[in-house]
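Enquirer: Okay, here's the structure, questions in a sec.
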Amino acid sequence: MLVLLTLHLVAAIAAPLLVRWWGPRACYPLALAPAAAFGWALARTPDVAHGGALAETYPWIPKLGLDLAFRMTTLSWLMTLLVGGVGTLVLIYSARYLPSGAVGTAQYAGVMVGFAGAMLGLVLADDLLLLYVCWELTTVLSYLLIGHSTERRSARWAAAQALIVTTLGGLAMLVGFIMLGHHAGTYRWSELAERPLPGGTYLVVAVLLILLGALSKSALLPFTSWLPVAMAAPTPVSAYLHAAAMVKAGIYLLGLLAPVLAVVGPWRPVVLVAGLATMVLGGWSALRQTDLKLLLAYGTVSQLGLLAVAVGVGTADAALAGLAMLAAHALFKSALFLVVGVIDHGAGTRDLRKLSGLGRDAPVLAGVAVLAAASMAGVPPLLGFVGKEAVFAAFTDRPLVLAVLVVGTVLTVAYSLRFLWGAFGNRPGAAPTRLRRIPPAMLLPPAGLAVVGLVAGSAAGTVDHLLRPYAEILGSVHAHLALWSGLTPALGLSALALAGGAVLFALRGPLAPLLVRLRAPVTGLQGYEWITHRFDRLAVDVTSITQRGSLPQYLGLILIVLAAVPGGVLLVIRPWQHSIPLWVTPVQPVVLLVITLAAVLAVGARRRLTAMLLVGMTGYGTAMLFVLHGAPDLALTQFLVETVTIAVFVLVLRRLPERFSVRPLWSSRWIRRAIGVTVGLTVAGLAVAAASARRARSISEDFPQFAVERGFGRNVVNVTLVDIRAWDTLGELAVLVVAATGVASLVFQRSRTGPRPRRLEADRGEAVAGRPVWLRGGATLHERNRSLVLEVVTRLIFHTAVLFSFYLVFSGHNAPGGGFAGGLVASLALIMRYLAGGRYELAEAAPVSAGTVLGAGLALAVGGAVVSLLVSGAALESAKLNFRLPLVGDFYLVTSLFFDVGVYLVVIGLALDVLRSLGAEVDRHIEAAGGPEGGLAVERQGGPR
C-alpha cells in the first residue's frame, strides 16, 4: 500500500515535467498511478471477498508509538476501486478536455494525481491520525483544484469556502479522534473497535465532534452550501472530487465508524435528521436549476443525504444497501458530470434553456446520459435500482424514515428527467445546438462508467457476495441485492417513486411558480456569507480596540491574559503537593529583596538610563542566585549576557530622549506594578507546578554520566550544548545569524563593512611625543566625548580579555566557560574598544565584516556536524583525539571543540553587527544631524570624514 502512495507522489512530482514535454496528453501516463491502485485492489478481491483484511505497518514516529498503519477491508476495498478507477478515467478524459498550452495545466495534472494519492491514503489508513493527515491533504488539494481558474473571482471564492468549511469540520473531527485514542491508548481503529469505549458525556462529545467532520466533508446540512459553489471547478474535477472521491470521504467515515459508534446516543438521530433533510432539500433545489452542472451538484447533495442515512444508521441490511448505493452513485454521477463536460466543451454552454436537439446531433452521448440518469433515478436493471430498492427494504420497520426516503426518490426521478430533457430534448422554435466532434478520450470514460453500472446491476448477486462481509460486521443480514426479489413492498415503493417523479416532471410548467416561491428563507450560501461577514466585523472591532499602536498596551493585554488564564487554573487546581521552602541559605532573601526593589523602582523611573540600570540589577541578582545554588557556569553566562545587554541599551538610548514622556501617570505606574507582581507570581507558580507534575524519571539525571563517558567533559552544561543537545544549539546559531542579518538590514543604508577611514597622523602609528599611539581611535573623538580613564582601562584589559575569552573556549569542556561565554567576553572587549575610540577604533580592532565572522562560525558548526556524520555515522557526535607534545606531555582534544569555536565566532559576529548598526551607523546619523556634542564617536573638527 505504501508503494502505491509513493507511486502517486512520484507521479505528482513528475507531472510538471511531463506536461512541459507533452502538454495535456501527459495525463495519459499520469493515469497509470490511479490505474495501479485500481488493478491492485481488483487483484486483492479474493482476499476480502470472505471478510478478510490486508494490513501493512511501517514505522513513522516510533518514540510516540505512531506507525504508518494501513488496512484494507470490504469498505476500503470498494472505495479503492472507486478512487482508482474513476481517477484513471477522469485523467484520460482530462487529456482532451484541457486546452493545449493553457496556463496551469501542469499544476492541474500534478494536484489531481496528488489528490488521488491522498484519497487513497485516507481510505486505507488504519491509524486515525494518519487518516486525519490524508483528510486534510484532500482538503488542501481540493482547494487548489476548485480554484484552478485563478483569474476568476468566483473560483477563488468557491475554493476558499470549501477550504474553510471542511477544515473547520476536520479540526473538530481531530479533537474527537484524540479523545477516543487517548482513552483507549491507541489510534488504530482496528484495535479501538475491540476495546471498551468510555461512557457518558465524554463519548457523546467525541462522537459529535467526529460527526461534524463527516457532515462538513460530505456537504450534509448544515454544511451543504460549499458543494454547489464548488462547481466553479473544471468539470473533470467535479466528476472526481464531487461525485466519486472527496464528498465520499464523510460517507466513508460514517461507514467505518458506524459498526462501533452507531449505538452511541446522538449518532443515529444526527445522521438520520441531517441525511433526510439534505436529501429532500437538495432534490427540491435541483428542480430549480437551469445550469446542468448545478443541477447535478444539488442532486449530489441530495444523494449524499441518502447515502448518509443508509451507511450511517448502523444496521446490517441498511449497510449492505448503502454500499451498493455508494458504488452506484459514484458510477452514474461521475458519468453525468463528464457528459456535461462534453456538452460544455462542444456547445460552449451548460444552460438547459439554450440547448436543443443534442439527442439527434450526439446520439451516442445521449445514450450514455440516459443510461447514467436511469441508474440515478433507480430504473432496472441498473445498479442504482438495486441499491435503492434495498434501501427501501432496509427501512420498512421505520415508516417515517421510509416515507421521507420515498419523497426524496420522487424528487430524484424528477430532476433526472429534467437533466435529460434539458440536455438532449427538442425545444419547439429553438435553433438546434451543434456539438463539435467528440474525441474518443472524452466519450469513452463516461460510457465506461455507465456500462459498468449496467453490468453491476445485472450481476447483483455477485455484488451482494462481495459487499456482504461489511454488512455482517453489524449483525445478521436478512436482505439480498437482487434485480428481482419478488412482489415486495420495496418494489412497490420503487414503482411509486418512478411514477411520482414522472408526474412531477410532467407538471413542471404549472409547478414553476411554486418552485420559485417554496424555498428556504435563508440559503446555505447566504448563511455562510453572513457568518463570515460577522467574523470580519468582529475582527475589525477587536482590532480597533486592541491594536492602537501602543506597545505598553499590547504587552499589558498579553500579560493580563497570562495571569488570568494559566494563573486562574493554578489557583483552582493547586497542583503542588508539598510545602515549598522559601530559601535554602540566608543570603537568598537578601538577593531576592534587591531584585524586587530594583524591579519595582524600574517601573517608576523617570529617566531611561536609570530604568535600564535598575533592570540590569535584576539580571545581576539572578546571576547571584545561580551562584548560591552552585551553578557557576550559568552565573558566568548570566553576568556576561546582562553586561552586553546594558551596553546595547546604552547605544540605543543615545537616540532616545533622556526622560520618559509625562506618562505613565501615577495611577498607571501602580497598575503596571500590580500587573508585574501578578505575572511574576503566576510564572513562579507555573514553574513550581511544572516541577511538581513530573512523574517519570528525568532524562537529565543521566547527563553527568553521558558528559564524561560520551562527551569527554566534566562541564555538564557545556557538553549538553555542544554534544548532547547540539542540534538545538545549531538551530539557535542559525536563528542568531538571521537575527543579526535582520538588525543590519533595518539600520544599514550602505555596505555593512563601511568604508575604511582615513587616519590622522597619530592613526598611522607615528609618535606624537616620540612614542607610538596604541589607541588610534581616541585621536578622532571630540574632547567632550573622550574619557582618559576609559582609554587607559581599555589599553590595560583589551588583550587580556581576548586571551581570557580564548581560555574560556578551550577550558569550557571541563570548567566553567565555553564558546558562548568566551564569545561574550570577546564581545565586551570590542565594546570597550568602541566606547573608548569610536567607530574608527572598532574598525581597527576588528578589520573584518560581521557577515564574514557570522558565516565562518555557522560554517564551522555545520562543518563539524558533517565531518562527524561522515566519520562516525552520527552528526555532532564527539570523538576524543589524543596527543603528546614535548615538554607538555599527554593531552586530548574533543571534536566538539570545533563546534564550540563556531559558537564563539557567531556570538562575536552578532556583537559586531550590533556595534556597527546601533553604534557606528548611528554615529553617522548623529554627525549629520547634531555636530560634535551629539554623538559618541564624532571626529575632531577638521579630522577625517
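Labeling convention for the C-alpha cells: chains A, B, ... as they appear, residues from 1 per chain, ligands from 1 in order of appearance.
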I want to know what sits within 12 Å of Leu241 in chain A, based on only C-alpha atoms, with residues of the same chain fewer than 3 positions away left out; could you give that as a PyMOL selection string?

Expert: chain A and resi 82-83+86-87+90+111-113+115-116+118-119+138-139+141-146+162+217-218+227+230-231+233-238+244-249+297+300+330+333-334+337

Enquirer: Filtering to N, CA and C atoms, could you give me those residues as a short mmCIF file (atom, residue, chain, number, x, y, z; two decimals), in the first residue's frame?

Expert:
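Ended up saving to again.cif:
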```
data_model
loop_
_atom_site.label_atom_id
_atom_site.label_comp_id
_atom_site.auth_asym_id
_atom_site.auth_seq_id
_atom_site.Cartn_x
_atom_site.Cartn_y
_atom_site.Cartn_z
N LEU A 82 -13.15 2.63 -6.48
CA LEU A 82 -13.76 3.85 -6.99
C LEU A 82 -12.73 4.96 -7.16
N VAL A 83 -11.87 5.15 -6.15
CA VAL A 83 -10.87 6.20 -6.23
C VAL A 83 -9.91 5.94 -7.38
N VAL A 86 -12.23 5.56 -11.13
CA VAL A 86 -12.75 6.83 -11.62
C VAL A 86 -11.62 7.82 -11.84
N GLY A 87 -10.61 7.80 -10.97
CA GLY A 87 -9.48 8.69 -11.15
C GLY A 87 -8.75 8.44 -12.45
N VAL A 90 -10.96 9.84 -15.31
CA VAL A 90 -11.01 11.30 -15.32
C VAL A 90 -9.71 11.88 -15.87
N VAL A 111 -1.67 18.21 -9.13
CA VAL A 111 -2.55 18.23 -7.97
C VAL A 111 -3.60 17.14 -8.08
N MET A 112 -4.08 16.87 -9.30
CA MET A 112 -5.08 15.81 -9.46
C MET A 112 -4.51 14.45 -9.05
N VAL A 113 -3.30 14.15 -9.49
CA VAL A 113 -2.68 12.88 -9.10
C VAL A 113 -2.39 12.87 -7.60
N PHE A 115 -4.07 14.44 -5.34
CA PHE A 115 -5.34 14.24 -4.64
C PHE A 115 -5.74 12.76 -4.66
N ALA A 116 -5.54 12.10 -5.79
CA ALA A 116 -5.86 10.67 -5.85
C ALA A 116 -5.04 9.89 -4.82
N ALA A 118 -3.76 11.13 -1.96
CA ALA A 118 -4.24 11.47 -0.62
C ALA A 118 -5.55 10.75 -0.31
N MET A 119 -6.42 10.66 -1.29
CA MET A 119 -7.70 9.97 -1.08
C MET A 119 -7.47 8.47 -0.88
N THR A 138 -6.52 16.05 1.33
CA THR A 138 -7.56 16.16 0.32
C THR A 138 -8.23 17.54 0.37
N THR A 139 -8.35 18.11 1.56
CA THR A 139 -8.94 19.45 1.68
C THR A 139 -8.09 20.49 0.98
N LEU A 141 -5.69 20.02 -1.32
CA LEU A 141 -5.57 19.77 -2.75
C LEU A 141 -6.88 20.09 -3.48
N SER A 142 -8.01 19.83 -2.84
CA SER A 142 -9.28 20.20 -3.46
C SER A 142 -9.40 21.71 -3.56
N TYR A 143 -8.87 22.42 -2.59
CA TYR A 143 -8.85 23.89 -2.67
C TYR A 143 -8.11 24.35 -3.93
N LEU A 144 -6.98 23.73 -4.20
CA LEU A 144 -6.22 24.10 -5.40
C LEU A 144 -6.96 23.73 -6.68
N LEU A 145 -7.66 22.60 -6.67
CA LEU A 145 -8.38 22.16 -7.87
C LEU A 145 -9.63 23.01 -8.11
N ILE A 146 -10.36 23.30 -7.05
CA ILE A 146 -11.57 24.12 -7.23
C ILE A 146 -11.19 25.52 -7.70
N ALA A 162 -14.94 26.19 0.37
CA ALA A 162 -14.76 24.75 0.58
C ALA A 162 -13.65 24.48 1.59
N LYS A 217 -17.60 17.36 5.41
CA LYS A 217 -16.89 16.84 4.24
C LYS A 217 -17.86 16.37 3.16
N SER A 218 -18.96 15.79 3.56
CA SER A 218 -19.94 15.28 2.59
C SER A 218 -21.07 16.25 2.33
N LEU A 227 -20.72 22.82 -1.61
CA LEU A 227 -20.64 21.92 -2.76
C LEU A 227 -21.19 22.54 -4.04
N ALA A 230 -18.79 24.99 -5.34
CA ALA A 230 -17.56 24.39 -5.85
C ALA A 230 -17.66 23.98 -7.31
N MET A 231 -18.82 24.14 -7.92
CA MET A 231 -18.95 23.84 -9.35
C MET A 231 -18.18 24.84 -10.21
N ALA A 233 -15.19 24.77 -10.26
CA ALA A 233 -14.04 23.95 -10.64
C ALA A 233 -14.23 23.43 -12.07
N PRO A 234 -13.14 23.05 -12.74
CA PRO A 234 -13.28 22.38 -14.03
C PRO A 234 -14.15 21.13 -13.91
N THR A 235 -14.87 20.80 -14.96
CA THR A 235 -15.82 19.69 -14.89
C THR A 235 -15.16 18.36 -14.53
N PRO A 236 -13.98 18.00 -15.04
CA PRO A 236 -13.38 16.74 -14.59
C PRO A 236 -13.11 16.72 -13.08
N VAL A 237 -12.80 17.87 -12.52
CA VAL A 237 -12.61 17.94 -11.07
C VAL A 237 -13.91 17.62 -10.35
N SER A 238 -15.01 18.19 -10.84
CA SER A 238 -16.31 17.90 -10.23
C SER A 238 -16.66 16.43 -10.37
N ALA A 244 -17.14 11.00 -6.88
CA ALA A 244 -16.58 9.69 -6.54
C ALA A 244 -15.61 9.72 -5.37
N ALA A 245 -15.03 10.86 -5.05
CA ALA A 245 -13.92 10.84 -4.10
C ALA A 245 -14.16 11.70 -2.87
N MET A 246 -13.90 12.99 -2.97
CA MET A 246 -13.83 13.82 -1.77
C MET A 246 -15.13 13.79 -0.96
N VAL A 247 -16.27 14.01 -1.63
CA VAL A 247 -17.52 14.05 -0.88
C VAL A 247 -17.89 12.69 -0.32
N LYS A 248 -17.26 11.65 -0.84
CA LYS A 248 -17.50 10.31 -0.29
C LYS A 248 -16.70 10.06 0.99
N ALA A 249 -15.74 10.97 1.28
CA ALA A 249 -14.90 10.75 2.47
C ALA A 249 -15.74 10.76 3.74
N ALA A 297 -25.05 19.11 -9.17
CA ALA A 297 -24.46 19.40 -7.86
C ALA A 297 -25.50 19.27 -6.76
N THR A 300 -26.31 15.78 -6.28
CA THR A 300 -25.28 15.11 -5.48
C THR A 300 -25.52 15.34 -4.00
N ALA A 330 -21.29 6.76 -7.37
CA ALA A 330 -20.01 7.14 -7.95
C ALA A 330 -20.00 6.91 -9.45
N LYS A 333 -23.02 9.36 -11.24
CA LYS A 333 -22.82 10.80 -11.11
C LYS A 333 -21.52 11.24 -11.79
N SER A 334 -20.46 10.44 -11.72
CA SER A 334 -19.23 10.77 -12.45
C SER A 334 -19.49 10.79 -13.95
N PHE A 337 -21.44 14.01 -14.87
CA PHE A 337 -20.59 15.19 -14.87
C PHE A 337 -19.71 15.24 -16.12
#
```

Enquirer: Show me, as a list of chain:residue names, the residues that have an atom within 9 Å of range 26-33 of chain A when counting only C-alpha atoms, minus same-chain residues fewer than 6 positions from it.

Expert: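 Using only C-alpha atoms, the neighbours found are A:Leu4, A:Leu5, A:Leu7, A:His8, A:Ala11, A:Ala12, A:Ala14, A:Ala15, A:Leu18, A:Val19, A:Arg20, A:Gly84, A:Gly87, A:Thr88, A:Leu89, A:Val90, A:Leu91, A:Ile92, A:Tyr93, A:Ser94, A:Ala95, A:Ala106, A:Ala109, A:Gly110, A:Val113, A:Ala116, A:Gly117.
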
Enquirer: Write the residues of the selection above to a file with C-alpha atoms, as a CSV table (one decimal), in the first residue's frame.

Expert:
```
chain,number,residue,atom,x,y,z
A,4,LEU,CA,1.0,2.8,-4.3
A,5,LEU,CA,1.1,6.0,-2.3
A,7,LEU,CA,3.8,6.0,-6.9
A,8,HIS,CA,1.2,8.7,-6.7
A,11,ALA,CA,3.8,10.9,-10.4
A,12,ALA,CA,2.6,14.2,-8.9
A,14,ALA,CA,6.9,14.4,-12.3
A,15,ALA,CA,3.7,15.9,-13.6
A,18,LEU,CA,5.7,15.6,-18.3
A,19,VAL,CA,3.3,18.4,-19.1
A,20,ARG,CA,6.2,20.5,-20.3
A,84,GLY,CA,-8.5,4.4,-8.6
A,87,GLY,CA,-9.5,8.7,-11.2
A,88,THR,CA,-7.9,6.9,-14.1
A,89,LEU,CA,-10.9,7.7,-16.4
A,90,VAL,CA,-11.0,11.3,-15.3
A,91,LEU,CA,-7.3,11.8,-16.1
A,92,ILE,CA,-7.8,10.2,-19.5
A,93,TYR,CA,-10.7,12.5,-20.1
A,94,SER,CA,-8.7,15.5,-19.0
A,95,ALA,CA,-6.1,14.8,-21.6
A,106,ALA,CA,1.0,21.3,-15.0
A,109,ALA,CA,-2.2,17.4,-13.5
A,110,GLY,CA,0.1,17.3,-10.5
A,113,VAL,CA,-2.7,12.9,-9.1
A,116,ALA,CA,-5.9,10.7,-5.8
A,117,GLY,CA,-3.0,9.6,-3.7
```

Enquirer: Could you pull the residues within 12 Å of Ala631 in chain A, counting only C-alpha atoms, minus those fewer than 2 positions along the same chain, as a list in words?

Expert: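 Selected residues are Thr622, Ala623, Met624, Leu625, Phe626, Val627, Leu628, His629, Asp633, Leu634, Ala635, Leu636, Thr637, Gln638, Asn715, Val716, Val717, Ala815, Pro816 and Gly817 of chain A.
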
Enquirer: Write a file of the selected residues as a PDB file, in the first residue's frame, keeping C-alpha atoms.

Expert:
```pdb
ATOM      1  CA  THR A 622      19.511  36.408  39.145  1.00  0.00           C
ATOM      2  CA  ALA A 623      23.131  35.551  38.436  1.00  0.00           C
ATOM      3  CA  MET A 624      23.837  35.713  42.177  1.00  0.00           C
ATOM      4  CA  LEU A 625      21.037  33.204  42.757  1.00  0.00           C
ATOM      5  CA  PHE A 626      22.765  30.868  40.308  1.00  0.00           C
ATOM      6  CA  VAL A 627      25.981  31.245  42.313  1.00  0.00           C
ATOM      7  CA  LEU A 628      24.194  30.458  45.573  1.00  0.00           C
ATOM      8  CA  HIS A 629      22.656  27.346  44.030  1.00  0.00           C
ATOM      9  CA  ASP A 633      28.582  28.234  34.582  1.00  0.00           C
ATOM     10  CA  LEU A 634      25.060  29.648  34.434  1.00  0.00           C
ATOM     11  CA  ALA A 635      26.065  32.538  36.681  1.00  0.00           C
ATOM     12  CA  LEU A 636      29.020  33.446  34.436  1.00  0.00           C
ATOM     13  CA  THR A 637      26.808  33.392  31.348  1.00  0.00           C
ATOM     14  CA  GLN A 638      24.116  35.484  33.069  1.00  0.00           C
ATOM     15  CA  ASN A 715      31.214  20.596  32.475  1.00  0.00           C
ATOM     16  CA  VAL A 716      27.736  19.159  32.010  1.00  0.00           C
ATOM     17  CA  VAL A 717      26.268  22.445  30.807  1.00  0.00           C
ATOM     18  CA  ALA A 815      35.422  24.035  33.685  1.00  0.00           C
ATOM     19  CA  PRO A 816      33.004  26.982  33.632  1.00  0.00           C
ATOM     20  CA  GLY A 817      33.084  28.629  30.226  1.00  0.00           C
TER      21      GLY A 817
END
```

Enquirer: In range 794-913 of chain A, what's helix (DSSP H, G or I) per DSSP? Answer as JSON, numbers by chain?

Expert: {"A": [794, 795, 796, 797, 798, 799, 800, 801, 802, 803, 804, 805, 806, 807, 808, 809, 810, 811, 819, 820, 821, 822, 823, 824, 825, 826, 827, 828, 829, 830, 831, 832, 833, 834, 835, 836, 837, 838, 839, 840, 841, 842, 843, 844, 845, 850, 851, 852, 853, 854, 855, 856, 857, 858, 859, 860, 861, 862, 863, 864, 865, 866, 867, 868, 869, 870, 871, 872, 896, 897, 898, 899, 900, 901, 902, 903, 904, 905, 906, 907, 908, 909, 910, 911, 912, 913]}

Enquirer: Of the residues A:Val793, A:Leu81, A:Leu203, A:Ile831, which is the one nearest to Leu912 in chain A, using only C-alpha atoms?

Expert: A:Ile831

Enquirer: Do you know which residues are at most 12 Å from Leu481 in chain A counting only C-alpha atoms, after dropping those on the same chain fewer than 2 positions away, and could you put them as a VMD selection string?

Expert: chain A and resid 317 to 325 381 to 394 456 to 468 471 477 to 479 483 to 485

Enquirer: Restricting the calculation to only C-alpha atoms: of A:Leu124, A:Leu613, A:Val591, A:Leu721, which residue gets closest to Ala707 in chain A?

Expert: A:Leu721

Enquirer: Provide the CA of Tyr187 in chain A to CA of Leu129 in chain A distance in Å, to one decimal place.

Expert: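 One can read the CA of Tyr187 in chain A to CA of Leu129 in chain A distance as 6.8 Å.
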
Enquirer: Would you pick out the contacts of range 421-429 of chain A at 9 Å or less, using only C-alpha atoms, so that residues sharing its chain but fewer than 2 positions from it are not included, and give the list as a JSON list (two decimals) with C-alpha atoms, in the first residue's frame?

Expert:
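Done, and the output landed in result.json:
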```json
[["chain", "number", "residue", "atom", "x", "y", "z"],
["A", 290, "THR", "CA", -31.05, 25.81, -15.21],
["A", 292, "LEU", "CA", -26.79, 21.37, -15.93],
["A", 340, "VAL", "CA", -21.87, 17.82, -19.01],
["A", 343, "ILE", "CA", -21.61, 19.40, -23.79],
["A", 350, "ARG", "CA", -24.46, 24.39, -19.90],
["A", 351, "ASP", "CA", -27.71, 26.36, -19.75],
["A", 352, "LEU", "CA", -30.55, 23.94, -20.44],
["A", 353, "ARG", "CA", -32.66, 26.86, -21.70],
["A", 354, "LYS", "CA", -30.23, 27.33, -24.60],
["A", 355, "LEU", "CA", -29.69, 23.67, -25.52],
["A", 356, "SER", "CA", -31.92, 21.91, -28.02],
["A", 357, "GLY", "CA", -31.72, 18.82, -30.20],
["A", 358, "LEU", "CA", -28.48, 17.38, -28.87],
["A", 359, "GLY", "CA", -30.09, 13.94, -28.74],
["A", 360, "ARG", "CA", -30.11, 13.83, -32.55],
["A", 361, "ASP", "CA", -26.77, 15.53, -33.00],
["A", 362, "ALA", "CA", -24.93, 13.27, -30.49],
["A", 366, "ALA", "CA", -27.31, 10.89, -25.30],
["A", 416, "SER", "CA", -33.10, 13.06, -13.58],
["A", 417, "LEU", "CA", -35.78, 13.55, -16.24],
["A", 418, "ARG", "CA", -35.19, 17.31, -16.11],
["A", 419, "PHE", "CA", -31.50, 16.72, -16.82],
["A", 431, "ALA", "CA", -32.40, 26.53, -33.05],
["A", 432, "PRO", "CA", -30.75, 23.12, -32.80]]
```

Enquirer: Suppose you want the space between CA of Pro552 in chain A and CA of Val572 in chain A; what is it in Å?

Expert: 29.0 Å

Enquirer: Please measure the separation of CA of Ala829 in chain A and CA of Ala911 in chain A, giving the value in Å to one decimal.

Expert: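 Separating CA of Ala829 in chain A from CA of Ala911 in chain A is a distance of 10.4 Å.
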
Enquirer: For Val407 in chain A, work out the shell of residues within 10 Å, counting only C-alpha atoms and skipping chain neighbours fewer than 3 positions away, then give it as number ranges by chain.

Expert: A: 276, 279-280, 283, 402-404, 410-412, 496-497, 500-501

Enquirer: Take the residues from that selection and write them out as an mmCIF file, in the first residue's frame, keeping N, CA and C atoms.

Expert:
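Full text of part-v3.cif as output:
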```cif
data_model
loop_
_atom_site.group_PDB
_atom_site.id
_atom_site.type_symbol
_atom_site.label_atom_id
_atom_site.label_comp_id
_atom_site.auth_asym_id
_atom_site.auth_seq_id
_atom_site.Cartn_x
_atom_site.Cartn_y
_atom_site.Cartn_z
ATOM 1 N N LEU A 276 -31.782 12.900 5.964
ATOM 2 C CA LEU A 276 -33.108 13.013 5.354
ATOM 3 C C LEU A 276 -33.393 14.453 4.921
ATOM 4 N N MET A 279 -31.419 15.225 1.815
ATOM 5 C CA MET A 279 -31.944 14.547 0.627
ATOM 6 C C MET A 279 -33.119 15.314 0.029
ATOM 7 N N VAL A 280 -34.051 15.726 0.865
ATOM 8 C CA VAL A 280 -35.248 16.409 0.364
ATOM 9 C C VAL A 280 -34.914 17.818 -0.127
ATOM 10 N N GLY A 283 -32.831 17.712 -3.360
ATOM 11 C CA GLY A 283 -33.634 17.327 -4.523
ATOM 12 C C GLY A 283 -34.558 18.441 -4.981
ATOM 13 N N LEU A 402 -38.856 5.903 6.039
ATOM 14 C CA LEU A 402 -39.151 5.355 4.721
ATOM 15 C C LEU A 402 -39.955 6.353 3.887
ATOM 16 N N ALA A 403 -40.908 7.033 4.512
ATOM 17 C CA ALA A 403 -41.725 7.994 3.772
ATOM 18 C C ALA A 403 -40.866 9.132 3.232
ATOM 19 N N VAL A 404 -39.937 9.629 4.045
ATOM 20 C CA VAL A 404 -39.068 10.711 3.576
ATOM 21 C C VAL A 404 -38.154 10.216 2.457
ATOM 22 N N VAL A 410 -38.662 10.433 -5.280
ATOM 23 C CA VAL A 410 -39.533 11.075 -6.271
ATOM 24 C C VAL A 410 -38.847 12.307 -6.854
ATOM 25 N N LEU A 411 -38.251 13.114 -5.996
ATOM 26 C CA LEU A 411 -37.525 14.287 -6.471
ATOM 27 C C LEU A 411 -36.331 13.885 -7.337
ATOM 28 N N THR A 412 -35.668 12.794 -6.962
ATOM 29 C CA THR A 412 -34.526 12.319 -7.747
ATOM 30 C C THR A 412 -34.957 11.941 -9.156
ATOM 31 N N LEU A 496 -43.679 3.345 -7.296
ATOM 32 C CA LEU A 496 -44.359 4.576 -6.909
ATOM 33 C C LEU A 496 -43.445 5.781 -7.083
ATOM 34 N N ALA A 497 -42.187 5.635 -6.701
ATOM 35 C CA ALA A 497 -41.245 6.737 -6.837
ATOM 36 C C ALA A 497 -41.020 7.098 -8.299
ATOM 37 N N GLY A 500 -44.237 8.794 -9.481
ATOM 38 C CA GLY A 500 -44.358 10.123 -8.884
ATOM 39 C C GLY A 500 -43.375 11.105 -9.474
ATOM 40 N N GLY A 501 -42.157 10.669 -9.735
ATOM 41 C CA GLY A 501 -41.177 11.546 -10.346
ATOM 42 C C GLY A 501 -41.561 11.946 -11.752
#
```

Enquirer: Given the choices A:Val903, A:His148, A:Gly837, A:His242, which gets closest to Ala856 in chain A if the distance is worked out from only C-alpha atoms?

Expert: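 When distances to Ala856 in chain A are compared using only C-alpha atoms, the smallest one comes from A:Val903.
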
Enquirer: Residues at most 9 Å from Gly52 in chain A, counting only C-alpha atoms, excluding those fewer than 6 positions away in the same chain, as a PyMOL selection string?

Expert: chain A and resi 46+72-74+469

Enquirer: Of the residues A:Val368, A:Val165, A:Ala316, A:Ile13, which is the one nearest to Glu472 in chain A, using only C-alpha atoms?

Expert: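 Going through A:Val368, A:Val165, A:Ala316, A:Ile13 one by one, the smallest distance to Glu472 in chain A is for A:Ala316.
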